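Listing of structure.tsv; format and content: TSV, C-alpha atoms and all ligand atoms.
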```tsv
chain	number	residue	atom	x	y	z
E	1	MET	CA	38.98	-99.22	11.96
E	2	LYS	CA	41.76	-101.50	13.03
E	3	ILE	CA	42.04	-104.61	10.93
E	4	SER	CA	41.78	-108.04	12.49
E	5	LEU	CA	40.79	-111.50	11.43
E	6	ILE	CA	37.39	-110.86	10.00
E	7	VAL	CA	34.76	-113.50	9.89
E	8	VAL	CA	32.01	-112.02	7.82
E	9	ILE	CA	28.85	-113.32	9.28
E	10	PHE	CA	25.85	-111.10	8.99
E	11	SER	CA	23.28	-111.83	11.56
E	12	PHE	CA	20.05	-110.03	11.01
E	13	VAL	CA	19.07	-109.68	14.60
E	14	LEU	CA	18.15	-106.25	15.76
E	15	SER	CA	18.81	-105.64	19.36
E	16	CYS	CA	18.30	-103.09	21.98
E	17	SER	CA	17.73	-102.85	25.63
E	18	SER	CA	14.53	-101.46	26.92
E	19	THR	CA	14.52	-100.71	30.58
E	20	GLN	CA	11.98	-98.21	31.74
E	21	LYS	CA	13.63	-94.86	32.41
E	22	LYS	CA	12.74	-92.07	34.73
E	23	SER	CA	11.65	-88.90	33.07
E	24	ASP	CA	12.97	-85.49	33.99
E	25	SER	CA	11.93	-81.90	33.89
E	26	GLN	CA	12.50	-81.25	30.24
E	27	SER	CA	9.92	-80.25	27.82
E	28	GLU	CA	9.21	-82.75	25.13
E	29	THR	CA	8.40	-86.42	25.10
E	30	THR	CA	9.42	-88.85	22.45
E	31	GLU	CA	8.22	-92.39	22.59
E	32	ARG	CA	10.86	-94.91	21.79
E	33	SER	CA	9.99	-97.53	19.25
E	34	THR	CA	9.63	-101.09	20.36
E	35	SER	CA	12.38	-103.32	19.16
E	36	ILE	CA	13.64	-106.80	19.62
E	37	ALA	CA	16.20	-107.83	22.19
E	38	PRO	CA	19.00	-110.06	20.93
E	39	THR	CA	18.70	-112.80	23.49
E	40	ASP	CA	15.08	-113.32	24.34
E	41	ASN	CA	13.29	-112.06	21.24
E	42	GLN	CA	10.69	-110.48	23.47
E	43	VAL	CA	9.01	-107.31	22.33
E	44	LYS	CA	9.40	-105.00	25.30
E	45	GLU	CA	7.25	-102.12	26.36
E	46	PRO	CA	8.32	-98.87	24.75
E	47	SER	CA	9.99	-96.63	27.28
E	48	LYS	CA	9.69	-92.89	27.31
E	49	ILE	CA	12.49	-90.44	27.54
E	50	LYS	CA	12.04	-86.72	27.64
E	51	LEU	CA	14.27	-84.99	25.17
E	52	LEU	CA	15.30	-81.37	25.31
E	53	ASN	CA	13.38	-78.91	23.23
E	54	ASP	CA	14.57	-78.30	19.67
E	55	SER	CA	17.34	-75.92	20.71
E	56	GLY	CA	20.00	-77.98	18.92
E	57	LYS	CA	18.17	-78.33	15.64
E	58	VAL	CA	19.38	-75.17	13.96
E	59	TYR	CA	22.98	-76.17	14.72
E	60	ALA	CA	22.56	-79.78	13.66
E	61	GLU	CA	21.12	-78.57	10.39
E	62	SER	CA	24.19	-76.42	9.83
E	63	ILE	CA	26.16	-79.65	9.28
E	64	LEU	CA	26.02	-79.84	5.50
E	65	GLN	CA	27.27	-82.33	3.00
E	66	GLU	CA	28.98	-79.64	0.90
E	67	ASP	CA	31.21	-78.69	3.84
E	68	LEU	CA	31.85	-82.31	4.78
E	69	LYS	CA	32.82	-83.03	1.20
E	70	GLU	CA	35.31	-80.21	0.98
E	71	VAL	CA	37.09	-81.21	4.20
E	72	LEU	CA	37.04	-84.92	3.44
E	73	TYR	CA	38.48	-84.41	-0.05
E	74	THR	CA	41.34	-82.51	1.53
E	75	LEU	CA	42.18	-85.02	4.28
E	76	ALA	CA	41.88	-87.97	1.91
E	77	SER	CA	43.90	-86.40	-0.88
E	78	ASP	CA	47.23	-87.84	-2.00
E	79	ALA	CA	49.02	-84.89	-0.41
E	80	TYR	CA	48.32	-86.49	2.99
E	81	GLU	CA	50.06	-89.71	1.94
E	82	GLY	CA	47.66	-92.03	3.71
E	83	ARG	CA	48.33	-90.39	7.12
E	84	PHE	CA	50.48	-93.17	8.58
E	85	THR	CA	51.29	-92.66	12.26
E	86	GLY	CA	54.40	-90.55	12.71
E	87	GLU	CA	54.93	-89.87	9.00
E	88	PRO	CA	54.77	-86.45	7.29
E	89	GLY	CA	51.25	-87.06	5.92
E	90	GLN	CA	49.85	-87.65	9.42
E	91	LYS	CA	51.57	-84.53	10.69
E	92	LYS	CA	50.17	-82.56	7.80
E	93	ALA	CA	46.71	-83.79	8.78
E	94	ALA	CA	47.36	-82.79	12.41
E	95	GLN	CA	48.23	-79.31	11.17
E	96	PHE	CA	45.09	-79.15	9.04
E	97	ILE	CA	42.91	-80.16	12.01
E	98	THR	CA	44.68	-77.68	14.30
E	99	ASP	CA	44.23	-74.86	11.80
E	100	TYR	CA	40.57	-75.74	11.45
E	101	TYR	CA	39.97	-75.29	15.18
E	102	LYS	CA	41.98	-72.08	15.25
E	103	THR	CA	39.91	-70.69	12.41
E	104	LEU	CA	36.71	-71.62	14.21
E	105	GLY	CA	37.96	-70.01	17.41
E	106	ILE	CA	37.73	-73.27	19.37
E	107	SER	CA	40.36	-73.61	22.12
E	108	ALA	CA	43.04	-76.22	22.54
E	109	ALA	CA	42.32	-78.74	25.29
E	110	ASN	CA	45.79	-78.25	26.77
E	111	SER	CA	45.89	-75.22	29.00
E	112	ASP	CA	49.11	-74.06	27.35
E	113	GLY	CA	47.23	-73.59	24.10
E	114	ASN	CA	48.88	-76.49	22.29
E	115	TYR	CA	46.34	-78.54	20.35
E	116	LEU	CA	48.75	-81.46	20.08
E	117	GLN	CA	49.16	-84.19	22.66
E	118	GLU	CA	52.60	-85.57	21.85
E	119	ILE	CA	53.05	-89.35	22.06
E	120	PRO	CA	56.66	-90.59	22.16
E	121	GLN	CA	57.84	-93.01	19.49
E	122	ALA	CA	58.57	-95.72	22.06
E	123	TYR	CA	54.89	-95.86	23.01
E	124	PHE	CA	54.07	-97.38	19.61
E	125	LYS	CA	56.17	-100.46	20.37
E	126	GLY	CA	58.03	-100.51	17.07
E	127	ASN	CA	54.90	-100.00	14.97
E	128	ALA	CA	55.78	-96.39	14.10
E	129	LYS	CA	59.16	-94.88	13.30
E	130	PHE	CA	58.51	-91.47	14.81
E	131	SER	CA	56.59	-89.82	17.60
E	132	SER	CA	53.05	-88.84	16.79
E	133	GLU	CA	50.28	-86.72	18.20
E	134	ASN	CA	46.61	-86.60	19.12
E	135	VAL	CA	44.86	-83.33	18.32
E	136	VAL	CA	42.50	-82.19	21.07
E	137	ALA	CA	40.22	-79.16	21.14
E	138	TYR	CA	37.37	-78.28	23.47
E	139	ILE	CA	34.48	-76.01	24.22
E	140	LYS	CA	34.07	-75.18	27.87
E	141	GLY	CA	30.65	-75.86	29.34
E	142	THR	CA	28.61	-72.94	30.58
E	143	GLU	CA	27.08	-74.60	33.67
E	144	LYS	CA	28.96	-77.83	34.29
E	145	PRO	CA	32.39	-77.21	32.81
E	146	ASP	CA	33.93	-80.08	34.80
E	147	GLU	CA	31.83	-82.71	33.05
E	148	TYR	CA	33.10	-83.76	29.64
E	149	VAL	CA	31.43	-85.15	26.54
E	150	VAL	CA	34.10	-86.60	24.25
E	151	ILE	CA	33.58	-86.92	20.51
E	152	SER	CA	36.38	-88.89	18.90
E	153	ALA	CA	37.69	-90.17	15.59
E	154	HIS	CA	41.07	-91.42	14.45
E	155	TYR	CA	42.79	-89.43	11.75
E	156	ASP	CA	45.68	-91.78	11.01
E	157	HIS	CA	45.49	-94.44	8.31
E	158	VAL	CA	47.80	-97.02	6.76
E	159	GLY	CA	50.02	-94.79	4.60
E	160	VAL	CA	51.61	-95.63	1.26
E	161	LYS	CA	52.17	-99.23	0.24
E	162	GLY	CA	53.72	-100.45	-3.01
E	163	GLY	CA	53.79	-96.88	-4.27
E	164	LYS	CA	50.05	-96.51	-3.78
E	165	VAL	CA	48.51	-93.96	-1.45
E	166	TYR	CA	45.87	-95.43	0.83
E	167	ASN	CA	43.63	-92.39	1.13
E	168	GLY	CA	41.39	-93.75	3.86
E	169	ALA	CA	38.42	-91.66	2.80
E	170	ASP	CA	35.95	-93.72	4.77
E	171	ASP	CA	38.56	-94.99	7.27
E	172	ASP	CA	38.57	-92.55	8.87
E	173	ALA	CA	38.58	-89.25	7.04
E	174	SER	CA	34.79	-89.60	7.26
E	175	GLY	CA	34.83	-89.64	11.07
E	176	THR	CA	37.51	-86.96	11.29
E	177	THR	CA	35.49	-84.69	9.03
E	178	ALA	CA	32.32	-85.39	10.99
E	179	VAL	CA	34.00	-84.40	14.26
E	180	LEU	CA	35.25	-81.15	12.70
E	181	GLU	CA	31.79	-80.25	11.41
E	182	ILE	CA	30.14	-81.23	14.70
E	183	ALA	CA	32.61	-78.92	16.44
E	184	LYS	CA	31.71	-76.16	14.01
E	185	ALA	CA	28.02	-76.66	14.82
E	186	PHE	CA	28.71	-76.47	18.58
E	187	GLN	CA	30.73	-73.32	18.05
E	188	LYS	CA	27.79	-71.76	16.21
E	189	ALA	CA	25.76	-72.39	19.34
E	190	VAL	CA	28.45	-70.75	21.47
E	191	LYS	CA	28.48	-67.69	19.23
E	192	ALA	CA	24.71	-67.45	19.54
E	193	GLY	CA	24.98	-67.46	23.34
E	194	ASN	CA	23.65	-71.00	23.45
E	195	GLY	CA	26.81	-72.90	24.32
E	196	PRO	CA	26.56	-76.39	25.82
E	197	LYS	CA	26.10	-76.76	29.58
E	198	ARG	CA	28.82	-79.38	29.80
E	199	SER	CA	32.22	-79.23	28.17
E	200	VAL	CA	32.64	-80.91	24.80
E	201	VAL	CA	36.01	-82.38	23.84
E	202	PHE	CA	36.94	-82.99	20.21
E	203	LEU	CA	39.50	-85.77	20.23
E	204	HIS	CA	41.36	-86.68	17.05
E	205	VAL	CA	43.50	-89.70	17.82
E	206	THR	CA	46.53	-91.07	16.03
E	207	GLY	CA	47.90	-94.63	15.99
E	208	GLU	CA	44.54	-96.35	15.65
E	209	GLU	CA	45.40	-98.53	12.68
E	210	ILE	CA	48.52	-99.88	14.35
E	211	GLY	CA	46.80	-100.77	17.62
E	212	LEU	CA	44.48	-98.09	19.09
E	213	TYR	CA	47.51	-96.34	20.55
E	214	GLY	CA	46.31	-92.73	20.42
E	215	SER	CA	43.13	-93.40	22.38
E	216	LYS	CA	45.04	-95.65	24.77
E	217	TYR	CA	47.55	-92.87	25.37
E	218	TYR	CA	44.80	-90.32	25.91
E	219	THR	CA	43.00	-92.51	28.45
E	220	GLU	CA	46.27	-93.21	30.27
E	221	ASN	CA	47.24	-89.53	30.14
E	222	PRO	CA	43.86	-87.79	30.10
E	223	ILE	CA	43.83	-84.04	29.58
E	224	PHE	CA	40.50	-83.99	31.42
E	225	PRO	CA	39.82	-86.43	34.29
E	226	LEU	CA	38.30	-89.70	33.15
E	227	GLU	CA	36.07	-89.79	36.23
E	228	ASN	CA	34.40	-86.63	34.90
E	229	THR	CA	34.23	-87.91	31.33
E	230	ILE	CA	30.64	-88.95	30.87
E	231	VAL	CA	30.58	-90.37	27.36
E	232	ASP	CA	32.71	-91.07	24.29
E	233	LEU	CA	30.93	-90.88	20.95
E	234	ASN	CA	33.41	-92.46	18.56
E	235	ILE	CA	33.02	-92.17	14.82
E	236	ASP	CA	34.98	-94.57	12.64
E	237	MET	CA	33.78	-95.09	9.05
E	238	ILE	CA	30.41	-93.44	8.40
E	239	GLY	CA	30.54	-92.49	4.72
E	240	ARG	CA	29.72	-95.74	2.96
E	241	VAL	CA	27.12	-98.48	2.61
E	242	ASP	CA	27.95	-102.13	3.23
E	243	GLU	CA	26.73	-105.11	1.25
E	244	LYS	CA	23.81	-105.81	3.55
E	245	HIS	CA	22.31	-102.32	3.15
E	246	GLN	CA	22.60	-101.76	-0.59
E	247	GLU	CA	18.82	-101.53	-0.87
E	248	THR	CA	18.35	-99.64	2.41
E	249	PRO	CA	21.32	-97.27	2.64
E	250	GLU	CA	19.84	-94.93	5.25
E	251	PHE	CA	21.31	-96.87	8.15
E	252	ILE	CA	24.16	-96.92	10.63
E	253	TYR	CA	25.52	-99.62	12.88
E	254	LEU	CA	25.61	-98.62	16.53
E	255	ILE	CA	27.82	-100.53	18.89
E	256	GLY	CA	28.13	-100.20	22.64
E	257	ALA	CA	25.29	-97.77	23.37
E	258	ASP	CA	23.48	-99.97	25.89
E	259	LYS	CA	26.46	-101.71	27.45
E	260	LEU	CA	27.08	-99.31	30.34
E	261	SER	CA	24.18	-96.89	30.24
E	262	THR	CA	20.57	-97.71	29.42
E	263	GLU	CA	19.92	-93.99	29.28
E	264	LEU	CA	22.54	-93.47	26.56
E	265	HIS	CA	20.89	-96.06	24.37
E	266	GLU	CA	17.50	-94.49	24.94
E	267	ILE	CA	18.71	-90.97	24.17
E	268	SER	CA	20.34	-92.21	21.01
E	269	GLU	CA	17.17	-93.99	19.90
E	270	ALA	CA	14.97	-91.04	20.77
E	271	VAL	CA	16.99	-88.37	18.94
E	272	ASN	CA	17.23	-90.60	15.90
E	273	LYS	CA	13.52	-91.21	15.89
E	274	LYS	CA	12.78	-87.52	16.25
E	275	TYR	CA	15.39	-86.01	13.95
E	276	THR	CA	17.40	-88.29	11.69
E	277	GLN	CA	15.31	-91.42	11.13
E	278	LEU	CA	18.20	-93.66	10.20
E	279	GLN	CA	17.81	-97.41	10.57
E	280	LEU	CA	19.88	-98.18	13.64
E	281	ASP	CA	21.40	-101.60	13.10
E	282	TYR	CA	22.57	-103.37	16.27
E	283	THR	CA	23.90	-106.51	14.60
E	284	TYR	CA	27.46	-105.84	15.75
E	285	ASN	CA	26.37	-104.85	19.24
E	286	ASP	CA	25.72	-108.51	19.98
E	287	ASP	CA	28.45	-109.83	22.26
E	288	LYS	CA	28.40	-113.05	20.31
E	289	ASP	CA	29.14	-111.40	16.98
E	290	PRO	CA	32.46	-112.83	15.77
E	291	ASN	CA	33.72	-109.52	14.37
E	292	ARG	CA	34.11	-108.14	17.89
E	293	PHE	CA	33.89	-104.54	16.63
E	294	TYR	CA	33.27	-103.33	20.18
E	295	TYR	CA	36.94	-104.03	20.85
E	296	ARG	CA	38.29	-102.73	17.55
E	297	SER	CA	38.17	-98.97	17.61
E	298	ASP	CA	39.10	-96.18	19.97
E	299	HIS	CA	35.91	-96.08	22.05
E	300	TYR	CA	37.00	-99.32	23.70
E	301	ASN	CA	39.75	-97.54	25.62
E	302	PHE	CA	37.01	-95.42	27.18
E	303	ALA	CA	34.58	-98.29	27.71
E	304	LYS	CA	37.17	-100.30	29.61
E	305	ASN	CA	37.39	-97.33	31.99
E	306	ASN	CA	33.66	-97.62	32.60
E	307	ILE	CA	32.78	-94.64	30.39
E	308	PRO	CA	29.68	-95.20	28.24
E	309	VAL	CA	30.36	-95.16	24.51
E	310	ILE	CA	28.67	-95.28	21.16
E	311	PHE	CA	30.61	-96.46	18.14
E	312	TYR	CA	29.14	-95.20	14.84
E	313	PHE	CA	30.11	-97.45	11.95
E	314	ASN	CA	28.95	-98.27	8.41
E	315	GLY	CA	30.38	-101.77	8.27
E	316	VAL	CA	33.15	-103.09	6.09
E	317	HIS	CA	32.99	-102.92	2.30
E	318	GLU	CA	35.02	-103.90	-0.76
E	319	ASP	CA	37.39	-100.93	-0.40
E	320	TYR	CA	38.11	-101.43	3.31
E	321	HIS	CA	41.87	-101.04	3.90
E	322	LYS	CA	42.54	-100.83	0.17
E	323	ASP	CA	43.95	-98.01	-1.93
E	324	THR	CA	40.47	-97.74	-3.46
E	325	ASP	CA	38.95	-96.20	-0.29
E	326	THR	CA	38.70	-92.83	-2.04
E	327	PRO	CA	36.57	-89.69	-1.52
E	328	ASP	CA	34.55	-90.10	-4.72
E	329	LYS	CA	32.93	-93.21	-3.22
E	330	ILE	CA	31.63	-91.48	-0.11
E	331	ARG	CA	27.88	-90.92	0.20
E	332	TYR	CA	27.94	-87.34	1.44
E	333	ASP	CA	24.19	-87.27	2.05
E	334	LEU	CA	24.54	-90.21	4.42
E	335	LEU	CA	27.66	-88.74	6.01
E	336	GLN	CA	25.64	-85.60	6.75
E	337	LYS	CA	22.78	-87.50	8.35
E	338	ARG	CA	25.04	-89.71	10.45
E	339	ALA	CA	27.11	-86.74	11.61
E	340	GLN	CA	23.88	-85.00	12.55
E	341	LEU	CA	22.81	-88.03	14.58
E	342	ALA	CA	26.07	-87.94	16.52
E	343	PHE	CA	25.64	-84.19	17.01
E	344	TYR	CA	22.09	-84.53	18.36
E	345	THR	CA	23.22	-87.25	20.75
E	346	ALA	CA	26.13	-85.15	21.99
E	347	TRP	CA	23.93	-82.05	22.25
E	348	GLU	CA	21.42	-83.91	24.35
E	349	ILE	CA	24.02	-85.38	26.71
E	350	ALA	CA	25.84	-82.06	27.02
E	351	ASN	CA	22.68	-80.11	27.84
E	352	ARG	CA	20.43	-82.36	29.92
E	353	ASP	CA	19.78	-81.39	33.52
E	354	GLN	CA	20.97	-84.72	34.84
E	355	LYS	CA	24.33	-86.28	34.11
E	356	LEU	CA	24.20	-89.42	31.98
E	357	GLU	CA	23.57	-92.37	34.24
E	358	VAL	CA	25.83	-95.41	34.28
E	359	ASP	CA	23.63	-98.31	35.42
E	360	LYS	CA	25.52	-101.36	34.16
E	361	GLU	CA	28.95	-102.90	34.47
E	401	ZN	ZN	41.15	-98.88	9.50
```

Translate this structure into structure tokens?
Ligand SMILES: [Zn+2]
Amino acid sequence: MKISLIVVIFSFVLSCSSTQKKSDSQSETTERSTSIAPTDNQVKEPSKIKLLNDSGKVYAESILQEDLKEVLYTLASDAYEGRFTGEPGQKKAAQFITDYYKTLGISAANSDGNYLQEIPQAYFKGNAKFSSENVVAYIKGTEKPDEYVVISAHYDHVGVKGGKVYNGADDDASGTTAVLEIAKAFQKAVKAGNGPKRSVVFLHVTGEEIGLYGSKYYTENPIFPLENTIVDLNIDMIGRVDEKHQETPEFIYLIGADKLSTELHEISEAVNKKYTQLQLDYTYNDDKDPNRFYYRSDHYNFAKNNIPVIFYFNGVHEDYHKDTDTPDKIRYDLLQKRAQLAFYTAWEIANRDQKLEVDKE
């Protein structure tokens, strides 16, 4: 998460949109819970969306906290020197991520087999001393390979300051790790002959902390056409619990889900209700929220190109952008559940008969 002037105001308004959706030919119906819209406080009629059958469940359940923990402890260890854009620690992380995909047998997004998307030093406008790289892998869709579901997280952080390593365990080793384990789950499906209908892109961006540069570069130089990119699920900080949820830690903030696609919001709600049962907190989805988180992580570079997004986020906490954001403080049980929620949402969008509908501007 990119830092900015933070006004910490917690509004306790739950929001969500609730337009009636068409149903399709798939096999199971989940009724969406009624909830309260941010502006009119009207309780709307529950809408119905037909989810896929449980074909993704076995893969979602293969995302386990033990595996997440092992990867996160590696990426957030001192050896990675806080992963500052362009520095050796970031490049070491890029290598780790690359090796992970190679080991899984997941292809590079670039057709030449290079997992790295090189970004020249000049692009960072003086904020980084060296060039840097996004790491991009993908699984080709079986039926609609030219439609792309992007799952993203930034793997850079703020480096070493005053001799202290800023490990960035939550920010954003948690998201990076989640994307890797989600990829592993998708690859399990591929191996079982159950690969996703649409292509799934695993996008690890650099340069986030210094100004969302990696995602900006990707969207300006897309490896896969943006007009065929149907969603970006962006994961930035999902391993902790903020002040507000100390007593109810099974939660996640969702931001952006209903802004361009009513259907995306409804899918997200429905899979959560059916599978993960987290409290979905829409406080920061309110356009009037002063934190403006919608504009503060990598999904925004997709949203501004009219691509629907969901930003998964646990809120800020006492260790945010401090050297105390360490792996021992991560709630791995929650990380597992939140990663599974993102997986289910991606699985659904990648496998539905109809392409995700954009119905708003
Ligand atoms: Zn950050």

Query raised in the report: Within 6 Å of ligand ZN 401 (chain E), counting only C-alpha atoms and all ligand atoms, which protein or nucleic acid residues do you find, written as a list in words?
Result: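 Counting only C-alpha atoms and all ligand atoms, the residues within 6 Å of ligand ZN 401 (chain E) come out as Met1, Lys2, Ile3, Asp171 and Glu209 of chain E.
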
Query raised in the report: With distances taken over only C-alpha atoms, which of E:Thr326, E:Ser199, E:Ser132, E:Asn305 is nearest to Phe224 of chain E?
Result: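 Nearest candidate to Phe224 of chain E out of E:Thr326, E:Ser199, E:Ser132, E:Asn305: E:Ser199.
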
Query raised in the report: Using all atoms listed in the file, which of E:Leu280, E:Leu51, E:Ile210, E:Val200 sits nearest Arg296 of chain E?
Result: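 Using all atoms listed in the file, the shortest distance to Arg296 of chain E belongs to E:Ile210.
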
Report task. Would you kindly return, as a ChimeraX atom specification, each protein, DNA or RNA residue with an atom no farther than 7 Å from any atom of segment 141-145 of chain E, considering only C-alpha atoms and excluding same-chain residues fewer than 6 positions away? Result -> /E:195-199

Report summary line: As a check of understanding: the span from atom CA of Tyr344 of chain E to atom CA of Val309 of chain E is 14.8 Å

Report task. Step by step: start from the point (45.2, -82.1, 5.1) in the file's coordinates, keep every protein, DNA or RNA residue that has an atom no farther than 9 Å from it, count only C-alpha atoms, and write the set as a PyMOL selection string. Result -> chain E and resi 71-77+79-80+89-97

Selected residues written out, C-alpha atoms, as a compact mmCIF listing (two decimals), in the frame of the given file:
```
# COMPACT_ATOMS: atom_id res chain seq x y z
CA VAL E 71 37.09 -81.21 4.20
CA LEU E 72 37.04 -84.92 3.44
CA TYR E 73 38.48 -84.41 -0.05
CA THR E 74 41.34 -82.51 1.53
CA LEU E 75 42.18 -85.02 4.28
CA ALA E 76 41.88 -87.97 1.91
CA SER E 77 43.90 -86.40 -0.88
CA ALA E 79 49.02 -84.89 -0.41
CA TYR E 80 48.32 -86.49 2.99
CA GLY E 89 51.25 -87.06 5.92
CA GLN E 90 49.85 -87.65 9.42
CA LYS E 91 51.57 -84.53 10.69
CA LYS E 92 50.17 -82.56 7.80
CA ALA E 93 46.71 -83.79 8.78
CA ALA E 94 47.36 -82.79 12.41
CA GLN E 95 48.23 -79.31 11.17
CA PHE E 96 45.09 -79.15 9.04
CA ILE E 97 42.91 -80.16 12.01
```
